[in-house]
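Asker: Input file: structure-v4.txt. Contents: compact mmCIF, C-alpha atoms and all ligand atoms.
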```
# COMPACT_ATOMS: atom_id res chain seq x y z
CA MET A 1 -46.69 -74.82 5.67
CA ALA A 2 -46.83 -77.61 3.07
CA LYS A 3 -45.35 -75.22 0.55
CA THR A 4 -42.44 -74.34 2.85
CA PHE A 5 -41.78 -78.00 3.45
CA ARG A 6 -41.77 -78.76 -0.28
CA GLY A 7 -39.37 -75.84 -0.84
CA ALA A 8 -37.03 -77.10 1.88
CA TRP A 9 -37.14 -80.61 0.44
CA ARG A 10 -36.36 -79.27 -3.02
CA ASP A 11 -33.38 -77.29 -1.66
CA ALA A 12 -32.08 -80.40 0.12
CA ALA A 13 -32.48 -82.49 -3.02
CA LYS A 14 -30.66 -79.87 -5.07
CA LEU A 15 -27.85 -79.71 -2.52
CA ALA A 16 -27.49 -83.51 -2.63
CA LEU A 17 -27.28 -83.33 -6.43
CA ASP A 18 -24.66 -80.59 -6.25
CA ILE A 19 -22.53 -82.74 -3.99
CA ALA A 20 -23.02 -85.93 -5.99
CA LEU A 21 -22.26 -84.47 -9.41
CA PRO A 22 -19.05 -82.59 -10.17
CA THR A 23 -19.61 -79.16 -11.74
CA LEU A 24 -18.98 -79.37 -15.46
CA CYS A 25 -17.40 -76.69 -17.59
CA VAL A 26 -20.33 -75.13 -19.41
CA ALA A 27 -18.42 -74.93 -22.67
CA CYS A 28 -16.69 -78.35 -22.92
CA ARG A 29 -18.43 -80.41 -20.20
CA GLU A 30 -15.18 -81.34 -18.44
CA PRO A 31 -15.31 -81.35 -14.61
CA VAL A 32 -14.27 -78.01 -13.16
CA ASP A 33 -14.12 -76.56 -9.67
CA GLY A 34 -15.83 -73.30 -9.02
CA GLU A 35 -16.61 -70.91 -11.80
CA GLY A 36 -18.36 -72.48 -14.76
CA VAL A 37 -15.50 -72.36 -17.26
CA CYS A 38 -12.39 -74.59 -17.18
CA SER A 39 -8.90 -73.19 -17.70
CA ASP A 40 -8.70 -74.42 -21.32
CA CYS A 41 -11.93 -72.67 -22.25
CA TRP A 42 -10.91 -69.60 -20.25
CA ALA A 43 -7.78 -69.42 -22.43
CA LYS A 44 -9.96 -69.60 -25.57
CA LEU A 45 -12.14 -66.64 -24.52
CA SER A 46 -10.99 -63.44 -26.26
CA PHE A 47 -11.29 -60.67 -23.70
CA ILE A 48 -11.46 -57.27 -25.37
CA ALA A 49 -8.69 -54.94 -24.20
CA PRO A 50 -7.31 -51.64 -25.55
CA PRO A 51 -6.64 -50.48 -28.18
CA PHE A 52 -10.26 -50.29 -29.34
CA CYS A 53 -12.58 -47.77 -30.97
CA PRO A 54 -13.64 -45.36 -28.18
CA ARG A 55 -17.10 -45.16 -29.72
CA LEU A 56 -18.00 -48.75 -30.66
CA GLY A 57 -15.48 -50.70 -28.56
CA ILE A 58 -14.33 -52.68 -31.63
CA PRO A 59 -10.76 -53.87 -31.02
CA PHE A 60 -8.05 -52.38 -33.25
CA VAL A 61 -5.31 -54.59 -34.68
CA TYR A 62 -2.77 -51.82 -33.99
CA ASP A 63 -3.00 -48.67 -31.87
CA PRO A 64 -3.96 -45.73 -34.14
CA GLY A 65 -3.45 -43.21 -31.31
CA PRO A 66 -5.84 -41.58 -28.84
CA ASP A 67 -9.43 -40.75 -29.86
CA MET A 68 -9.19 -42.36 -33.30
CA LEU A 69 -12.55 -43.82 -34.30
CA SER A 70 -13.15 -47.01 -36.29
CA MET A 71 -14.39 -46.74 -39.87
CA GLU A 72 -17.70 -48.24 -38.73
CA ALA A 73 -18.18 -45.48 -36.15
CA ILE A 74 -17.51 -42.79 -38.76
CA SER A 75 -19.53 -44.23 -41.64
CA ASN A 76 -22.50 -45.50 -39.62
CA PRO A 77 -22.63 -43.73 -36.23
CA PRO A 78 -25.10 -45.29 -33.79
CA ALA A 79 -27.69 -43.48 -31.66
CA TYR A 80 -25.85 -44.56 -28.49
CA ALA A 81 -22.65 -42.82 -27.41
CA ARG A 82 -20.29 -45.69 -26.53
CA ALA A 83 -20.38 -49.48 -26.51
CA ARG A 84 -18.17 -51.88 -24.55
CA ALA A 85 -18.05 -55.67 -24.50
CA ALA A 86 -16.24 -58.12 -22.23
CA VAL A 87 -15.35 -60.67 -24.92
CA ARG A 88 -15.51 -61.33 -28.65
CA TYR A 89 -18.46 -63.43 -29.71
CA ASP A 90 -16.69 -66.66 -30.64
CA ASP A 91 -17.21 -70.36 -29.83
CA VAL A 92 -16.82 -70.33 -26.05
CA ALA A 93 -18.64 -67.00 -25.68
CA ARG A 94 -21.51 -68.34 -27.81
CA THR A 95 -21.81 -71.43 -25.60
CA LEU A 96 -22.02 -69.25 -22.48
CA VAL A 97 -24.59 -66.91 -24.03
CA HIS A 98 -26.79 -69.79 -25.21
CA ALA A 99 -26.54 -71.59 -21.85
CA LEU A 100 -27.66 -68.47 -19.99
CA LYS A 101 -30.39 -67.62 -22.49
CA TYR A 102 -31.93 -70.97 -23.38
CA GLN A 103 -30.80 -73.49 -20.73
CA ASP A 104 -31.66 -71.57 -17.55
CA ARG A 105 -28.01 -71.50 -16.49
CA THR A 106 -28.52 -68.47 -14.24
CA ASP A 107 -25.46 -69.63 -12.28
CA LEU A 108 -23.34 -68.25 -15.15
CA ALA A 109 -24.65 -64.69 -14.68
CA PRO A 110 -22.33 -63.75 -11.77
CA THR A 111 -19.17 -64.61 -13.73
CA MET A 112 -20.36 -63.06 -16.98
CA GLY A 113 -21.64 -59.96 -15.17
CA ARG A 114 -18.36 -59.47 -13.32
CA TRP A 115 -16.42 -59.54 -16.61
CA MET A 116 -18.90 -57.00 -18.02
CA ALA A 117 -18.56 -54.68 -15.02
CA ARG A 118 -14.80 -54.68 -15.56
CA ALA A 119 -15.06 -54.04 -19.31
CA GLY A 120 -17.58 -51.25 -18.73
CA ARG A 121 -15.83 -49.47 -15.89
CA ASP A 122 -15.56 -46.18 -17.84
CA LEU A 123 -19.26 -46.19 -18.69
CA LEU A 124 -20.38 -47.22 -15.20
CA ASP A 125 -18.31 -44.49 -13.51
CA GLY A 126 -20.61 -41.69 -14.61
CA ALA A 127 -23.84 -43.67 -15.00
CA ASP A 128 -27.14 -42.99 -13.22
CA MET A 129 -28.92 -46.24 -14.08
CA LEU A 130 -28.70 -49.60 -15.82
CA ILE A 131 -31.48 -50.66 -18.16
CA PRO A 132 -31.57 -54.26 -19.44
CA VAL A 133 -32.84 -54.72 -23.00
CA PRO A 134 -36.40 -55.95 -22.37
CA LEU A 135 -37.97 -59.09 -23.80
CA HIS A 136 -41.51 -58.96 -25.12
CA TRP A 137 -43.86 -60.41 -22.48
CA ARG A 138 -44.66 -63.33 -24.80
CA ARG A 139 -40.99 -64.32 -24.95
CA ALA A 140 -40.44 -63.58 -21.24
CA TRP A 141 -43.34 -65.95 -20.51
CA HIS A 142 -41.58 -68.84 -22.27
CA ARG A 143 -38.10 -68.06 -20.95
CA ARG A 144 -39.18 -67.36 -17.35
CA TYR A 145 -36.44 -64.74 -16.94
CA ASN A 146 -34.63 -62.11 -18.99
CA GLN A 147 -30.92 -62.90 -19.41
CA SER A 148 -30.09 -59.19 -19.78
CA GLY A 149 -31.90 -58.51 -16.50
CA ALA A 150 -29.90 -61.25 -14.77
CA LEU A 151 -26.62 -59.70 -16.01
CA ALA A 152 -27.78 -56.20 -15.03
CA ARG A 153 -28.43 -57.35 -11.42
CA VAL A 154 -24.85 -58.60 -11.14
CA ILE A 155 -23.45 -55.37 -12.60
CA GLU A 156 -25.62 -53.40 -10.15
CA ARG A 157 -24.00 -55.24 -7.23
CA GLN A 158 -20.51 -54.73 -8.70
CA SER A 159 -20.87 -51.03 -9.60
CA GLY A 160 -23.49 -49.62 -7.24
CA VAL A 161 -25.45 -48.26 -10.25
CA SER A 162 -29.08 -49.33 -9.87
CA VAL A 163 -31.20 -51.24 -12.35
CA ALA A 164 -34.40 -49.65 -13.68
CA SER A 165 -35.92 -52.75 -15.21
CA GLU A 166 -39.47 -51.54 -15.97
CA ALA A 167 -38.49 -48.23 -17.58
CA LEU A 168 -38.11 -49.53 -21.13
CA ARG A 169 -40.77 -51.75 -22.71
CA ARG A 170 -40.81 -53.84 -25.83
CA THR A 171 -44.15 -52.79 -27.26
CA ARG A 172 -44.11 -54.94 -30.37
CA PHE A 173 -43.33 -58.64 -30.67
CA THR A 174 -40.35 -58.97 -33.02
CA GLU A 175 -38.96 -61.95 -34.85
CA GLN A 176 -35.61 -63.15 -33.53
CA GLN A 177 -32.69 -61.37 -35.21
CA ILE A 178 -30.94 -64.66 -36.01
CA GLY A 179 -30.50 -65.15 -39.75
CA LEU A 180 -31.54 -61.62 -40.71
CA SER A 181 -29.35 -59.25 -42.73
CA ARG A 182 -28.20 -55.94 -41.26
CA PRO A 183 -31.01 -53.84 -42.90
CA GLN A 184 -33.59 -56.50 -41.97
CA ARG A 185 -32.38 -56.42 -38.35
CA ALA A 186 -32.78 -52.64 -38.23
CA SER A 187 -36.32 -52.66 -39.65
CA ASN A 188 -37.32 -55.65 -37.49
CA VAL A 189 -36.72 -53.70 -34.25
CA GLN A 190 -37.50 -50.17 -35.46
CA GLY A 191 -40.03 -48.56 -33.10
CA ALA A 192 -40.29 -51.77 -31.03
CA PHE A 193 -39.24 -50.09 -27.77
CA LYS A 194 -40.86 -47.34 -25.70
CA VAL A 195 -40.36 -45.65 -22.38
CA ALA A 196 -43.61 -45.99 -20.44
CA PRO A 197 -45.23 -42.53 -20.00
CA ASP A 198 -45.13 -42.84 -16.21
CA ARG A 199 -41.37 -43.56 -16.36
CA GLN A 200 -40.30 -40.63 -18.55
CA ALA A 201 -39.48 -38.46 -15.52
CA LEU A 202 -37.17 -41.24 -14.32
CA ILE A 203 -35.21 -41.17 -17.60
CA ALA A 204 -35.09 -37.45 -18.40
CA GLY A 205 -31.63 -35.97 -17.85
CA ARG A 206 -30.13 -39.32 -16.75
CA ARG A 207 -27.07 -41.12 -18.04
CA VAL A 208 -28.20 -44.61 -18.95
CA VAL A 209 -26.19 -47.77 -19.58
CA LEU A 210 -28.12 -50.36 -21.62
CA ILE A 211 -27.30 -53.97 -20.77
CA ASP A 212 -27.56 -56.87 -23.23
CA ASP A 213 -25.93 -60.25 -23.73
CA VAL A 214 -24.72 -59.95 -27.34
CA LEU A 215 -24.17 -57.11 -29.78
CA THR A 216 -24.32 -58.24 -33.40
CA SER A 217 -25.36 -55.49 -35.83
CA GLY A 218 -26.26 -53.20 -32.93
CA ALA A 219 -29.80 -52.74 -34.31
CA THR A 220 -31.55 -53.73 -31.06
CA VAL A 221 -29.52 -51.49 -28.73
CA ASP A 222 -29.75 -48.70 -31.29
CA ALA A 223 -33.57 -48.92 -31.27
CA CYS A 224 -33.50 -48.94 -27.44
CA ALA A 225 -31.16 -45.92 -27.37
CA ARG A 226 -33.48 -43.98 -29.70
CA ALA A 227 -36.45 -44.64 -27.39
CA LEU A 228 -34.45 -43.51 -24.34
CA LEU A 229 -33.18 -40.38 -26.09
CA ARG A 230 -36.76 -39.55 -27.13
CA ALA A 231 -37.58 -39.71 -23.41
CA LYS A 232 -34.79 -37.11 -22.92
CA ALA A 233 -32.06 -39.36 -21.48
CA ALA A 234 -28.87 -37.27 -21.15
CA SER A 235 -26.80 -40.05 -22.71
CA VAL A 236 -27.06 -43.73 -23.56
CA ASP A 237 -24.10 -46.13 -23.47
CA VAL A 238 -24.18 -49.87 -24.15
CA LEU A 239 -22.54 -52.69 -22.20
CA VAL A 240 -22.76 -56.25 -23.50
CA PHE A 241 -21.17 -59.56 -22.61
CA ALA A 242 -19.98 -60.35 -26.14
CA ARG A 243 -19.82 -58.52 -29.43
CA VAL A 244 -19.43 -59.81 -32.95
CA VAL A 245 -16.20 -58.34 -34.25
CA ASP A 246 -16.21 -59.69 -37.78
CA SER A 247 -19.80 -60.43 -38.75
CA HIS A 248 -18.71 -62.16 -41.98
CA LYS A 249 -16.71 -64.78 -40.14
CA THR A 250 -18.87 -65.22 -37.04
CA PRO A 251 -22.37 -66.29 -38.01
CA ILE A 252 -24.84 -66.72 -35.15
ZN ZN A 301 -14.04 -76.10 -20.71
```
Mind turning this structure into structure tokens?
Ligand SMILES: [Zn+2]

Answerer:
Amino acid sequence: MAKTFRGAWRDAAKLALDIALPTLCVACREPVDGEGVCSDCWAKLSFIAPPFCPRLGIPFVYDPGPDMLSMEAISNPPAYARARAAVRYDDVARTLVHALKYQDRTDLAPTMGRWMARAGRDLLDGADMLIPVPLHWRRAWHRRYNQSGALARVIERQSGVSVASEALRRTRFTEQQIGLSRPQRASNVQGAFKVAPDRQALIAGRRVVLIDDVLTSGATVDACARALLRAKAASVDVLVFARVVDSHKTPI
């Protein structure tokens, strides 16, 4: 009873705050109505559109013709089949990702998730399940929620493909990938993910779409894809909010 009352009071207080304070654009802090990002920042977001590499989703400067792969896809093919991203990881995208991840701005997830569902339409069409990249329980404890899980829930509502959030586990605590080189990133996450033995039947023969917020070197989703393929997933695709397109010019 007391608990319910406190909850109701908190909701009322929050509502009063929402009315009193204008919503600010998450990227530039200017007042904005509705969706989190003002029109100036919206214009600065680089949505990824064709032509792009059918394998990695990296945008091409010019259209090389159907089914042409990027050099990266040929020289260093990933374990996953295809990757798609809604936007390039640049200033505004970085602000959104950090706000969702570190500042509890869960209100951004619906917008970001909708953009992802649109960018990943091809992958979602034939998919059996969505699996968010898991946090280690130690990190989940500090963060209170998993940003990839929050995005996956929105994509589930948009696409009708259900989320299997407990299927993949992070079995080893890993250092954050920030500041690590490409080979260091790969060895940092190698073998860090596992499909729980009681979930293998759920994965076997299924087409999985992994969900994450950012794709940088691809080491994390690659390690996840390997774990899912070991559990006999039929295929693994990757859908992220933002991807680094030129890692030399876009440090995290
Ligand atoms: Zn703005």

Asker: Could you tell me, as a list of chain:residue names, which residues have any atom at most 9 Å from (-41.5, -56.6, -35.7), counting all atoms listed in the file?

Answerer: A:Arg172, A:Phe173, A:Thr174, A:Glu175, A:Ser187, A:Asn188, A:Val189, A:Gln190, A:Gly191, A:Ala192

Asker: Pick out the residues no farther than 9 Å from ligand ZN 301 (chain A), counting all atoms listed in the file, and list them as a ChimeraX atom specification.

Answerer: /A:24-32,36-42,92

Asker: Given only C-alpha atoms as the basis, pick out the residue of A:Val214, A:Ala227, A:Ala204, A:Val163 nearest to Ile178 of chain A.

Answerer: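 Answer, going by the shortest atom-to-atom distance: A:Val214.
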
Asker: For segment 112-136 of chain A against segment 216-220 of chain A, with a cut-off of 12 Å and counting all atoms listed in the file, what is the closest atom pair and its distance in Å to one decimal for every residue that makes the cut, ordered by chain and number, as JSON lines?

Answerer:
```
{"residue": "A:Pro132", "atom": "CA", "partner": "A:Thr220", "partner_atom": "CA", "distance": 11.6}
{"residue": "A:Val133", "atom": "CA", "partner": "A:Thr220", "partner_atom": "CA", "distance": 8.2}
{"residue": "A:Pro134", "atom": "CA", "partner": "A:Thr220", "partner_atom": "CA", "distance": 10.2}
{"residue": "A:Leu135", "atom": "CA", "partner": "A:Thr220", "partner_atom": "CA", "distance": 11.1}
```

Asker: Mind giving me the straight-line distance from atom CA of Tyr62 of chain A to atom CA of Val245 of chain A in Å, one decimal?

Answerer: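 Distance between the two atoms: 14.9 Å.
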
Asker: Per residue of segment 22-119 of chain A within 8 Å of segment 152-157 of chain A, record the nearest atom pair and its distance in Å to one decimal, counting all atoms listed in the file, with rows in chain order and ascending residue number, as a Markdown table.

Answerer:
```
| residue | atom | partner | partner_atom | distance |
| --- | --- | --- | --- | --- |
| A:Ala109 | CA | A:Val154 | CA | 7.0 |
| A:Pro110 | CA | A:Val154 | CA | 5.8 |
| A:Gly113 | CA | A:Val154 | CA | 5.3 |
| A:Arg114 | CA | A:Ile155 | CA | 6.6 |
| A:Met116 | CA | A:Ile155 | CA | 7.3 |
| A:Ala117 | CA | A:Ile155 | CA | 5.5 |
```

Asker: Rounded to one decimal place, report the atom CA of Trp115 of chain A-atom CA of Ile48 of chain A distance in Å.

Answerer: 10.3 Å

Asker: Please indicate the distance in Å from atom CA of Arg88 of chain A to atom CA of Arg139 of chain A, rounded to one decimal place.

Answerer: 25.9 Å

Asker: Go through A:Arg121, A:Thr111, A:Asp213, A:Glu72 and flag the residue nearest Phe60 of chain A, using all atoms listed in the file for the distances.

Answerer: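 The shortest atom-to-atom distance to Phe60 of chain A comes from A:Glu72.
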
Asker: For Asp122 of chain A, which residue out of A:Arg226, A:Arg82, A:Arg182, A:Lys44 is the nearest one, using all atoms listed in the file?

Answerer: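 The closest residue to Asp122 of chain A is A:Arg82.
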
Asker: May I ask which of the residues A:Ala81, A:Val195, A:Leu124, A:Ala86 is the closest one to Ala234 of chain A, counting only C-alpha atoms?

Answerer: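 That would be A:Ala81, the residue with the smallest distance to Ala234 of chain A.
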
Asker: For Gly34 of chain A, which residue out of A:Ala127, A:Leu100, A:Leu108, A:Val208 is the nearest one, using all atoms listed in the file?

Answerer: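 Among the listed residues, the smallest separation from Gly34 of chain A belongs to A:Leu108.
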
Asker: Smallest atom-to-atom distance to Ser162 of chain A: which of A:Arg243, A:Arg207, A:Lys194, A:Arg55, using all atoms listed in the file?

Answerer: A:Arg207

Asker: As JSON, numbers by chain, please: the residues near Leu202 of chain A (cut-off 10 Å, all atoms listed in the file, same-chain neighbours under 6 positions excluded).

Answerer: {"A": [129, 164, 167, 195, 231, 232, 233]}
